[in-house]
$ cat final-v7.tsv   # TSV, N, CA, C and O atoms
chain	number	residue	atom	x	y	z
A	1	MET	N	-20.70	-53.12	7.29
A	1	MET	CA	-22.01	-52.53	7.34
A	1	MET	C	-22.05	-51.48	8.46
A	1	MET	O	-21.43	-51.65	9.49
A	2	LEU	N	-22.76	-50.41	8.23
A	2	LEU	CA	-22.84	-49.34	9.21
A	2	LEU	C	-23.70	-49.72	10.40
A	2	LEU	O	-24.68	-50.44	10.27
A	3	GLU	N	-23.32	-49.23	11.56
A	3	GLU	CA	-24.12	-49.43	12.76
A	3	GLU	C	-25.31	-48.47	12.72
A	3	GLU	O	-25.26	-47.41	12.10
A	4	LYS	N	-26.38	-48.86	13.43
A	4	LYS	CA	-27.60	-48.05	13.43
A	4	LYS	C	-27.32	-46.62	13.91
A	4	LYS	O	-27.82	-45.67	13.32
A	5	ASN	N	-26.51	-46.46	14.94
A	5	ASN	CA	-26.20	-45.12	15.45
A	5	ASN	C	-25.49	-44.27	14.41
A	5	ASN	O	-25.75	-43.08	14.28
A	6	LYS	N	-24.56	-44.90	13.67
A	6	LYS	CA	-23.84	-44.16	12.64
A	6	LYS	C	-24.76	-43.75	11.50
A	6	LYS	O	-24.63	-42.68	10.93
A	7	ILE	N	-25.70	-44.62	11.17
A	7	ILE	CA	-26.68	-44.30	10.13
A	7	ILE	C	-27.50	-43.10	10.56
A	7	ILE	O	-27.66	-42.14	9.80
A	8	ASN	N	-27.99	-43.14	11.79
A	8	ASN	CA	-28.78	-42.03	12.32
A	8	ASN	C	-27.98	-40.74	12.37
A	8	ASN	O	-28.50	-39.67	12.06
A	9	ASP	N	-26.71	-40.85	12.76
A	9	ASP	CA	-25.84	-39.67	12.81
A	9	ASP	C	-25.64	-39.07	11.42
A	9	ASP	O	-25.67	-37.85	11.25
A	10	LYS	N	-25.44	-39.92	10.42
A	10	LYS	CA	-25.25	-39.43	9.06
A	10	LYS	C	-26.51	-38.76	8.52
A	10	LYS	O	-26.44	-37.70	7.89
A	11	ILE	N	-27.66	-39.35	8.79
A	11	ILE	CA	-28.92	-38.77	8.34
A	11	ILE	C	-29.15	-37.43	9.04
A	11	ILE	O	-29.53	-36.44	8.39
A	12	LYS	N	-28.90	-37.38	10.34
A	12	LYS	CA	-29.08	-36.14	11.10
A	12	LYS	C	-28.14	-35.05	10.56
A	12	LYS	O	-28.55	-33.90	10.39
A	13	TYR	N	-26.89	-35.42	10.29
A	13	TYR	CA	-25.93	-34.45	9.74
A	13	TYR	C	-26.44	-33.90	8.41
A	13	TYR	O	-26.39	-32.67	8.18
A	14	LEU	N	-26.92	-34.77	7.53
A	14	LEU	CA	-27.41	-34.32	6.23
A	14	LEU	C	-28.61	-33.40	6.39
A	14	LEU	O	-28.71	-32.37	5.70
A	15	GLU	N	-29.52	-33.74	7.29
A	15	GLU	CA	-30.69	-32.89	7.52
A	15	GLU	C	-30.29	-31.52	8.04
A	15	GLU	O	-30.79	-30.50	7.57
A	16	GLU	N	-29.37	-31.50	9.00
A	16	GLU	CA	-28.91	-30.23	9.57
A	16	GLU	C	-28.16	-29.39	8.54
A	16	GLU	O	-28.33	-28.16	8.48
A	17	THR	N	-27.33	-30.03	7.74
A	17	THR	CA	-26.57	-29.31	6.72
A	17	THR	C	-27.50	-28.74	5.66
A	17	THR	O	-27.34	-27.59	5.24
A	18	LEU	N	-28.49	-29.53	5.23
A	18	LEU	CA	-29.45	-29.04	4.26
A	18	LEU	C	-30.19	-27.82	4.80
A	18	LEU	O	-30.36	-26.83	4.09
A	19	LYS	N	-30.59	-27.88	6.06
A	19	LYS	CA	-31.28	-26.74	6.67
A	19	LYS	C	-30.39	-25.50	6.68
A	19	LYS	O	-30.85	-24.39	6.39
A	20	LYS	N	-29.11	-25.68	7.00
A	20	LYS	CA	-28.17	-24.55	7.00
A	20	LYS	C	-28.08	-23.93	5.60
A	20	LYS	O	-28.06	-22.70	5.46
A	21	PHE	N	-28.02	-24.77	4.58
A	21	PHE	CA	-27.97	-24.25	3.21
A	21	PHE	C	-29.26	-23.53	2.86
A	21	PHE	O	-29.22	-22.44	2.27
A	22	GLU	N	-30.38	-24.13	3.21
A	22	GLU	CA	-31.68	-23.52	2.90
A	22	GLU	C	-31.86	-22.19	3.62
A	22	GLU	O	-32.43	-21.25	3.05
A	23	ASP	N	-31.38	-22.10	4.85
A	23	ASP	CA	-31.54	-20.89	5.65
A	23	ASP	C	-30.44	-19.85	5.39
A	23	ASP	O	-30.47	-18.76	5.95
A	24	GLY	N	-29.47	-20.22	4.54
A	24	GLY	CA	-28.38	-19.29	4.23
A	24	GLY	C	-27.42	-19.10	5.39
A	24	GLY	O	-26.75	-18.07	5.49
A	25	GLU	N	-27.31	-20.08	6.27
A	25	GLU	CA	-26.45	-19.99	7.45
A	25	GLU	C	-25.00	-20.35	7.16
A	25	GLU	O	-24.16	-20.20	8.03
A	26	ILE	N	-24.71	-20.84	5.98
A	26	ILE	CA	-23.34	-21.25	5.64
A	26	ILE	C	-22.75	-20.21	4.70
A	26	ILE	O	-23.31	-19.89	3.66
A	27	ASP	N	-21.59	-19.67	5.10
A	27	ASP	CA	-20.94	-18.70	4.22
A	27	ASP	C	-20.21	-19.42	3.09
A	27	ASP	O	-20.02	-20.63	3.13
A	28	LEU	N	-19.80	-18.68	2.11
A	28	LEU	CA	-19.22	-19.25	0.90
A	28	LEU	C	-17.96	-20.07	1.18
A	28	LEU	O	-17.77	-21.13	0.60
A	29	SER	N	-17.13	-19.60	2.08
A	29	SER	CA	-15.88	-20.33	2.36
A	29	SER	C	-16.15	-21.67	3.04
A	29	SER	O	-15.41	-22.63	2.86
A	30	GLU	N	-17.21	-21.75	3.80
A	30	GLU	CA	-17.57	-22.99	4.49
A	30	GLU	C	-18.42	-23.91	3.60
A	30	GLU	O	-18.43	-25.12	3.78
A	31	ALA	N	-19.10	-23.36	2.63
A	31	ALA	CA	-20.04	-24.11	1.80
A	31	ALA	C	-19.38	-25.26	1.06
A	31	ALA	O	-19.93	-26.36	1.02
A	32	SER	N	-18.25	-25.04	0.48
A	32	SER	CA	-17.56	-26.09	-0.28
A	32	SER	C	-17.20	-27.26	0.61
A	32	SER	O	-17.42	-28.42	0.25
A	33	LYS	N	-16.64	-26.97	1.79
A	33	LYS	CA	-16.25	-28.01	2.73
A	33	LYS	C	-17.48	-28.80	3.19
A	33	LYS	O	-17.46	-30.04	3.20
A	34	GLU	N	-18.54	-28.11	3.55
A	34	GLU	CA	-19.76	-28.78	4.01
A	34	GLU	C	-20.40	-29.60	2.90
A	34	GLU	O	-20.91	-30.70	3.12
A	35	TYR	N	-20.37	-29.07	1.68
A	35	TYR	CA	-20.95	-29.78	0.54
A	35	TYR	C	-20.20	-31.09	0.30
A	35	TYR	O	-20.81	-32.14	0.13
A	36	LYS	N	-18.86	-31.04	0.31
A	36	LYS	CA	-18.06	-32.24	0.09
A	36	LYS	C	-18.30	-33.28	1.18
A	36	LYS	O	-18.42	-34.48	0.89
A	37	LYS	N	-18.41	-32.84	2.43
A	37	LYS	CA	-18.67	-33.78	3.51
A	37	LYS	C	-20.07	-34.38	3.36
A	37	LYS	O	-20.26	-35.58	3.56
A	38	ALA	N	-21.05	-33.56	3.01
A	38	ALA	CA	-22.42	-34.05	2.84
A	38	ALA	C	-22.50	-35.08	1.72
A	38	ALA	O	-23.18	-36.10	1.85
A	39	ILE	N	-21.78	-34.85	0.62
A	39	ILE	CA	-21.76	-35.81	-0.49
A	39	ILE	C	-21.16	-37.13	-0.03
A	39	ILE	O	-21.67	-38.21	-0.33
A	40	SER	N	-20.09	-37.06	0.75
A	40	SER	CA	-19.44	-38.27	1.26
A	40	SER	C	-20.40	-39.05	2.17
A	40	SER	O	-20.51	-40.28	2.06
A	41	GLU	N	-21.08	-38.35	3.06
A	41	GLU	CA	-22.03	-39.00	3.96
A	41	GLU	C	-23.18	-39.62	3.17
A	41	GLU	O	-23.60	-40.75	3.46
A	42	ALA	N	-23.67	-38.92	2.18
A	42	ALA	CA	-24.78	-39.43	1.35
A	42	ALA	C	-24.35	-40.68	0.59
A	42	ALA	O	-25.13	-41.63	0.47
A	43	LYS	N	-23.12	-40.70	0.09
A	43	LYS	CA	-22.62	-41.88	-0.62
A	43	LYS	C	-22.51	-43.09	0.31
A	43	LYS	O	-22.85	-44.21	-0.08
A	44	ASP	N	-22.04	-42.84	1.54
A	44	ASP	CA	-21.98	-43.94	2.52
A	44	ASP	C	-23.37	-44.52	2.76
A	44	ASP	O	-23.54	-45.74	2.81
A	45	LEU	N	-24.36	-43.65	2.91
A	45	LEU	CA	-25.73	-44.11	3.13
A	45	LEU	C	-26.28	-44.84	1.91
A	45	LEU	O	-26.97	-45.85	2.03
A	46	GLU	N	-25.96	-44.33	0.73
A	46	GLU	CA	-26.42	-44.98	-0.50
A	46	GLU	C	-25.88	-46.40	-0.60
A	46	GLU	O	-26.61	-47.35	-0.93
A	47	ILE	N	-24.61	-46.57	-0.31
A	47	ILE	CA	-23.99	-47.90	-0.34
A	47	ILE	C	-24.67	-48.81	0.68
A	47	ILE	O	-25.02	-49.96	0.37
A	48	TYR	N	-24.87	-48.29	1.90
A	48	TYR	CA	-25.51	-49.09	2.94
A	48	TYR	C	-26.91	-49.53	2.52
A	48	TYR	O	-27.26	-50.71	2.63
A	49	PHE	N	-27.72	-48.59	2.02
A	49	PHE	CA	-29.09	-48.92	1.66
A	49	PHE	C	-29.16	-49.83	0.43
A	49	PHE	O	-30.04	-50.68	0.33
A	50	ASN	N	-28.24	-49.69	-0.49
A	50	ASN	CA	-28.19	-50.61	-1.64
A	50	ASN	C	-27.84	-52.03	-1.19
A	50	ASN	O	-28.43	-53.00	-1.66
A	51	ASP	N	-26.88	-52.14	-0.27
A	51	ASP	CA	-26.52	-53.45	0.27
A	51	ASP	C	-27.71	-54.07	1.01
A	51	ASP	O	-28.00	-55.27	0.86
A	52	LEU	N	-28.40	-53.26	1.79
A	52	LEU	CA	-29.57	-53.74	2.52
A	52	LEU	C	-30.67	-54.18	1.57
A	52	LEU	O	-31.28	-55.24	1.76
A	53	LYS	N	-30.88	-53.42	0.52
A	53	LYS	CA	-31.88	-53.78	-0.49
A	53	LYS	C	-31.54	-55.13	-1.13
A	53	LYS	O	-32.41	-55.99	-1.31
A	54	ASN	N	-30.26	-55.33	-1.45
A	54	ASN	CA	-29.83	-56.59	-2.05
A	54	ASN	C	-30.05	-57.76	-1.10
A	54	ASN	O	-30.49	-58.84	-1.53
A	55	GLU	N	-29.76	-57.55	0.19
A	55	GLU	CA	-29.99	-58.61	1.17
A	55	GLU	C	-31.47	-58.96	1.26
A	55	GLU	O	-31.84	-60.14	1.32
A	56	ILE	N	-32.31	-57.96	1.25
A	56	ILE	CA	-33.76	-58.18	1.33
A	56	ILE	C	-34.24	-58.93	0.09
A	56	ILE	O	-35.06	-59.85	0.19
A	57	MET	N	-33.72	-58.58	-1.06
A	57	MET	CA	-34.11	-59.27	-2.29
A	57	MET	C	-33.70	-60.74	-2.25
A	57	MET	O	-34.45	-61.62	-2.66
A	58	ILE	N	-32.51	-61.01	-1.73
A	58	ILE	CA	-32.02	-62.39	-1.63
A	58	ILE	C	-32.89	-63.18	-0.67
A	58	ILE	O	-33.28	-64.32	-0.95
A	59	ILE	N	-33.21	-62.58	0.47
A	59	ILE	CA	-34.08	-63.26	1.44
A	59	ILE	C	-35.44	-63.53	0.81
A	59	ILE	O	-36.00	-64.61	0.97
A	60	GLY	N	-35.97	-62.56	0.08
A	60	GLY	CA	-37.26	-62.73	-0.59
A	60	GLY	C	-37.23	-63.85	-1.61
A	60	GLY	O	-38.19	-64.62	-1.73
A	61	GLU	N	-36.13	-63.97	-2.33
A	61	GLU	CA	-36.01	-65.06	-3.31
A	61	GLU	C	-35.95	-66.40	-2.61
A	61	GLU	O	-36.54	-67.38	-3.09
A	62	ASP	N	-35.25	-66.47	-1.49
A	62	ASP	CA	-35.16	-67.73	-0.73
A	62	ASP	C	-36.55	-68.17	-0.26
A	62	ASP	O	-36.88	-69.33	-0.32
A	63	PHE	N	-37.35	-67.24	0.21
A	63	PHE	CA	-38.69	-67.58	0.68
A	63	PHE	C	-39.61	-67.98	-0.47
A	63	PHE	O	-40.48	-68.82	-0.31
A	64	SER	N	-39.41	-67.40	-1.63
A	64	SER	CA	-40.28	-67.73	-2.75
A	64	SER	C	-39.98	-69.11	-3.32
A	64	SER	O	-40.80	-69.71	-4.00
A	65	LYS	N	-38.80	-69.64	-3.04
A	65	LYS	CA	-38.43	-70.98	-3.52
A	65	LYS	C	-39.07	-72.08	-2.68
A	65	LYS	O	-39.18	-73.21	-3.13
A	66	GLU	N	-39.47	-71.74	-1.48
A	66	GLU	CA	-40.03	-72.76	-0.57
A	66	GLU	C	-41.48	-73.01	-0.85
A	66	GLU	O	-42.27	-72.40	-1.34

$ encode --input "final-v7.tsv" --output "C-alpha cells"
Amino acid sequence: MLEKNKINDKIKYLEETLKKFEDGEIDLSEASKEYKKAISEAKDLEIYFNDLKNEIMIIGEDFSKE
C-alpha cells in the first residue's frame, strides 16, 4: 500500500503535469514522456484507491453483521 506522502506526491505531479499540458508548456518531444509517466502515476493511484474502497466495504459489512 502506498504511503500518504507518496500519494500526495503522485496527486501533485498529476496536477502539475495537467496544468503544463493545459498551458501549452510541454513541447511535443517531452509530451509523450510526460503522458506515459502521468498514466503510470494515475494507475498506481487507481489501484490504491480501489484497494482502499474494498477495505472500507469489508469493514462496513463487518459492522452491519453486528

$ closest_residue --input "final-v7.tsv" --among "A:Met57, A:Leu2, A:Ile11, A:Leu18" --to "A:Glu41" --atoms "all atoms listed in the file"
A:Ile11

$ residues_around --input "final-v7.tsv" --residues "A:Glu34" --least-positions-apart "6" --cutoff "10 Å" --atoms "only C-alpha atoms" --output "compact mmCIF listing (two decimals) with N, CA, C and O atoms, in the coordinates of the input"
# COMPACT_ATOMS: atom_id res chain seq x y z
N LEU A 14 -26.92 -34.77 7.53
CA LEU A 14 -27.41 -34.32 6.23
C LEU A 14 -28.61 -33.40 6.39
O LEU A 14 -28.71 -32.37 5.70
N THR A 17 -27.33 -30.03 7.74
CA THR A 17 -26.57 -29.31 6.72
C THR A 17 -27.50 -28.74 5.66
O THR A 17 -27.34 -27.59 5.24
N LEU A 18 -28.49 -29.53 5.23
CA LEU A 18 -29.45 -29.04 4.26
C LEU A 18 -30.19 -27.82 4.80
O LEU A 18 -30.36 -26.83 4.09
N LYS A 20 -29.11 -25.68 7.00
CA LYS A 20 -28.17 -24.55 7.00
C LYS A 20 -28.08 -23.93 5.60
O LYS A 20 -28.06 -22.70 5.46
N PHE A 21 -28.02 -24.77 4.58
CA PHE A 21 -27.97 -24.25 3.21
C PHE A 21 -29.26 -23.53 2.86
O PHE A 21 -29.22 -22.44 2.27
N ILE A 26 -24.71 -20.84 5.98
CA ILE A 26 -23.34 -21.25 5.64
C ILE A 26 -22.75 -20.21 4.70
O ILE A 26 -23.31 -19.89 3.66
N SER A 40 -20.09 -37.06 0.75
CA SER A 40 -19.44 -38.27 1.26
C SER A 40 -20.40 -39.05 2.17
O SER A 40 -20.51 -40.28 2.06

$ residues_near_point --input "final-v7.tsv" --point "(-28.5, -38.5, 4.1)" --cutoff "7 Å" --atoms "all atoms listed in the file" --output "list in words"
Ile7, Lys10, Ile11, Lys12, Tyr13, Leu14, Glu15, Ala38, Glu41, Ala42 and Leu45 of chain A

$ atom_distance --input "final-v7.tsv" --atom1 "atom O of A:Glu22" --atom2 "atom O of A:Tyr35"
16.2 Å

$ atom_distance --input "final-v7.tsv" --atom1 "atom N of A:Lys43" --atom2 "atom O of A:Ile59"
27.2 Å

$ atom_distance --input "final-v7.tsv" --atom1 "atom C of A:Glu55" --atom2 "atom O of A:Lys36"
27.7 Å

$ decode --input "final-v7.tsv" --residues "stretch 23-52 of chain A" --atoms "N, CA, C and O atoms" --output "short mmCIF file (atom, residue, chain, number, x, y, z; two decimals), in the first residue's frame"
data_model
loop_
_atom_site.label_atom_id
_atom_site.label_comp_id
_atom_site.auth_asym_id
_atom_site.auth_seq_id
_atom_site.Cartn_x
_atom_site.Cartn_y
_atom_site.Cartn_z
N ASP A 23 -1.62 24.63 -20.26
CA ASP A 23 -0.98 25.91 -20.55
C ASP A 23 -0.07 25.86 -21.77
O ASP A 23 0.50 26.88 -22.17
N GLY A 24 0.08 24.66 -22.35
CA GLY A 24 0.95 24.51 -23.52
C GLY A 24 2.42 24.63 -23.19
O GLY A 24 3.23 25.00 -24.05
N GLU A 25 2.80 24.33 -21.96
CA GLU A 25 4.19 24.45 -21.52
C GLU A 25 5.05 23.24 -21.88
O GLU A 25 6.25 23.27 -21.68
N ILE A 26 4.45 22.19 -22.39
CA ILE A 26 5.19 20.97 -22.72
C ILE A 26 5.32 20.89 -24.23
O ILE A 26 4.34 20.94 -24.97
N ASP A 27 6.58 20.78 -24.70
CA ASP A 27 6.77 20.65 -26.14
C ASP A 27 6.49 19.21 -26.58
O ASP A 27 6.37 18.30 -25.76
N LEU A 28 6.37 19.01 -27.85
CA LEU A 28 5.96 17.73 -28.40
C LEU A 28 6.90 16.59 -28.02
O LEU A 28 6.45 15.49 -27.70
N SER A 29 8.19 16.85 -28.02
CA SER A 29 9.15 15.78 -27.69
C SER A 29 9.03 15.35 -26.22
O SER A 29 9.27 14.20 -25.89
N GLU A 30 8.66 16.26 -25.37
CA GLU A 30 8.52 15.96 -23.94
C GLU A 30 7.12 15.41 -23.62
O GLU A 30 6.94 14.69 -22.64
N ALA A 31 6.14 15.71 -24.44
CA ALA A 31 4.75 15.36 -24.16
C ALA A 31 4.54 13.86 -24.03
O ALA A 31 3.85 13.41 -23.12
N SER A 32 5.11 13.08 -24.89
CA SER A 32 4.94 11.63 -24.85
C SER A 32 5.48 11.05 -23.55
O SER A 32 4.83 10.23 -22.90
N LYS A 33 6.68 11.49 -23.16
CA LYS A 33 7.31 11.01 -21.93
C LYS A 33 6.46 11.40 -20.72
O LYS A 33 6.20 10.56 -19.85
N GLU A 34 6.03 12.63 -20.66
CA GLU A 34 5.21 13.10 -19.53
C GLU A 34 3.87 12.38 -19.48
O GLU A 34 3.36 12.05 -18.42
N TYR A 35 3.28 12.16 -20.65
CA TYR A 35 1.98 11.48 -20.72
C TYR A 35 2.11 10.05 -20.17
O TYR A 35 1.30 9.61 -19.36
N LYS A 36 3.16 9.33 -20.60
CA LYS A 36 3.36 7.96 -20.13
C LYS A 36 3.58 7.91 -18.62
O LYS A 36 3.04 7.04 -17.93
N LYS A 37 4.36 8.85 -18.10
CA LYS A 37 4.59 8.88 -16.66
C LYS A 37 3.29 9.21 -15.92
O LYS A 37 2.99 8.61 -14.89
N ALA A 38 2.52 10.15 -16.43
CA ALA A 38 1.25 10.53 -15.80
C ALA A 38 0.28 9.35 -15.77
O ALA A 38 -0.39 9.12 -14.77
N ILE A 39 0.23 8.59 -16.85
CA ILE A 39 -0.64 7.41 -16.90
C ILE A 39 -0.21 6.39 -15.85
O ILE A 39 -1.04 5.82 -15.14
N SER A 40 1.09 6.19 -15.71
CA SER A 40 1.61 5.25 -14.72
C SER A 40 1.24 5.70 -13.30
O SER A 40 0.81 4.89 -12.47
N GLU A 41 1.42 6.98 -13.03
CA GLU A 41 1.08 7.51 -11.70
C GLU A 41 -0.42 7.38 -11.43
O GLU A 41 -0.83 7.00 -10.33
N ALA A 42 -1.23 7.66 -12.42
CA ALA A 42 -2.69 7.57 -12.28
C ALA A 42 -3.11 6.12 -12.02
O ALA A 42 -4.00 5.87 -11.19
N LYS A 43 -2.47 5.17 -12.69
CA LYS A 43 -2.79 3.76 -12.46
C LYS A 43 -2.42 3.33 -11.04
O LYS A 43 -3.18 2.59 -10.40
N ASP A 44 -1.27 3.80 -10.56
CA ASP A 44 -0.89 3.49 -9.17
C ASP A 44 -1.94 4.00 -8.20
O ASP A 44 -2.33 3.30 -7.26
N LEU A 45 -2.41 5.23 -8.41
CA LEU A 45 -3.43 5.81 -7.54
C LEU A 45 -4.75 5.05 -7.66
O LEU A 45 -5.44 4.83 -6.67
N GLU A 46 -5.10 4.66 -8.88
CA GLU A 46 -6.34 3.91 -9.08
C GLU A 46 -6.32 2.60 -8.30
O GLU A 46 -7.29 2.23 -7.63
N ILE A 47 -5.21 1.89 -8.37
CA ILE A 47 -5.06 0.63 -7.63
C ILE A 47 -5.18 0.89 -6.13
O ILE A 47 -5.90 0.18 -5.43
N TYR A 48 -4.48 1.92 -5.66
CA TYR A 48 -4.52 2.24 -4.23
C TYR A 48 -5.95 2.55 -3.78
O TYR A 48 -6.42 2.02 -2.78
N PHE A 49 -6.65 3.41 -4.53
CA PHE A 49 -7.99 3.80 -4.12
C PHE A 49 -9.00 2.66 -4.26
O PHE A 49 -9.93 2.54 -3.46
N ASN A 50 -8.81 1.79 -5.22
CA ASN A 50 -9.68 0.61 -5.33
C ASN A 50 -9.47 -0.34 -4.15
O ASN A 50 -10.43 -0.88 -3.59
N ASP A 51 -8.21 -0.53 -3.76
CA ASP A 51 -7.91 -1.36 -2.59
C ASP A 51 -8.52 -0.75 -1.33
O ASP A 51 -9.11 -1.46 -0.50
N LEU A 52 -8.39 0.56 -1.19
CA LEU A 52 -8.96 1.25 -0.04
C LEU A 52 -10.48 1.13 -0.01
O LEU A 52 -11.07 0.87 1.04
#
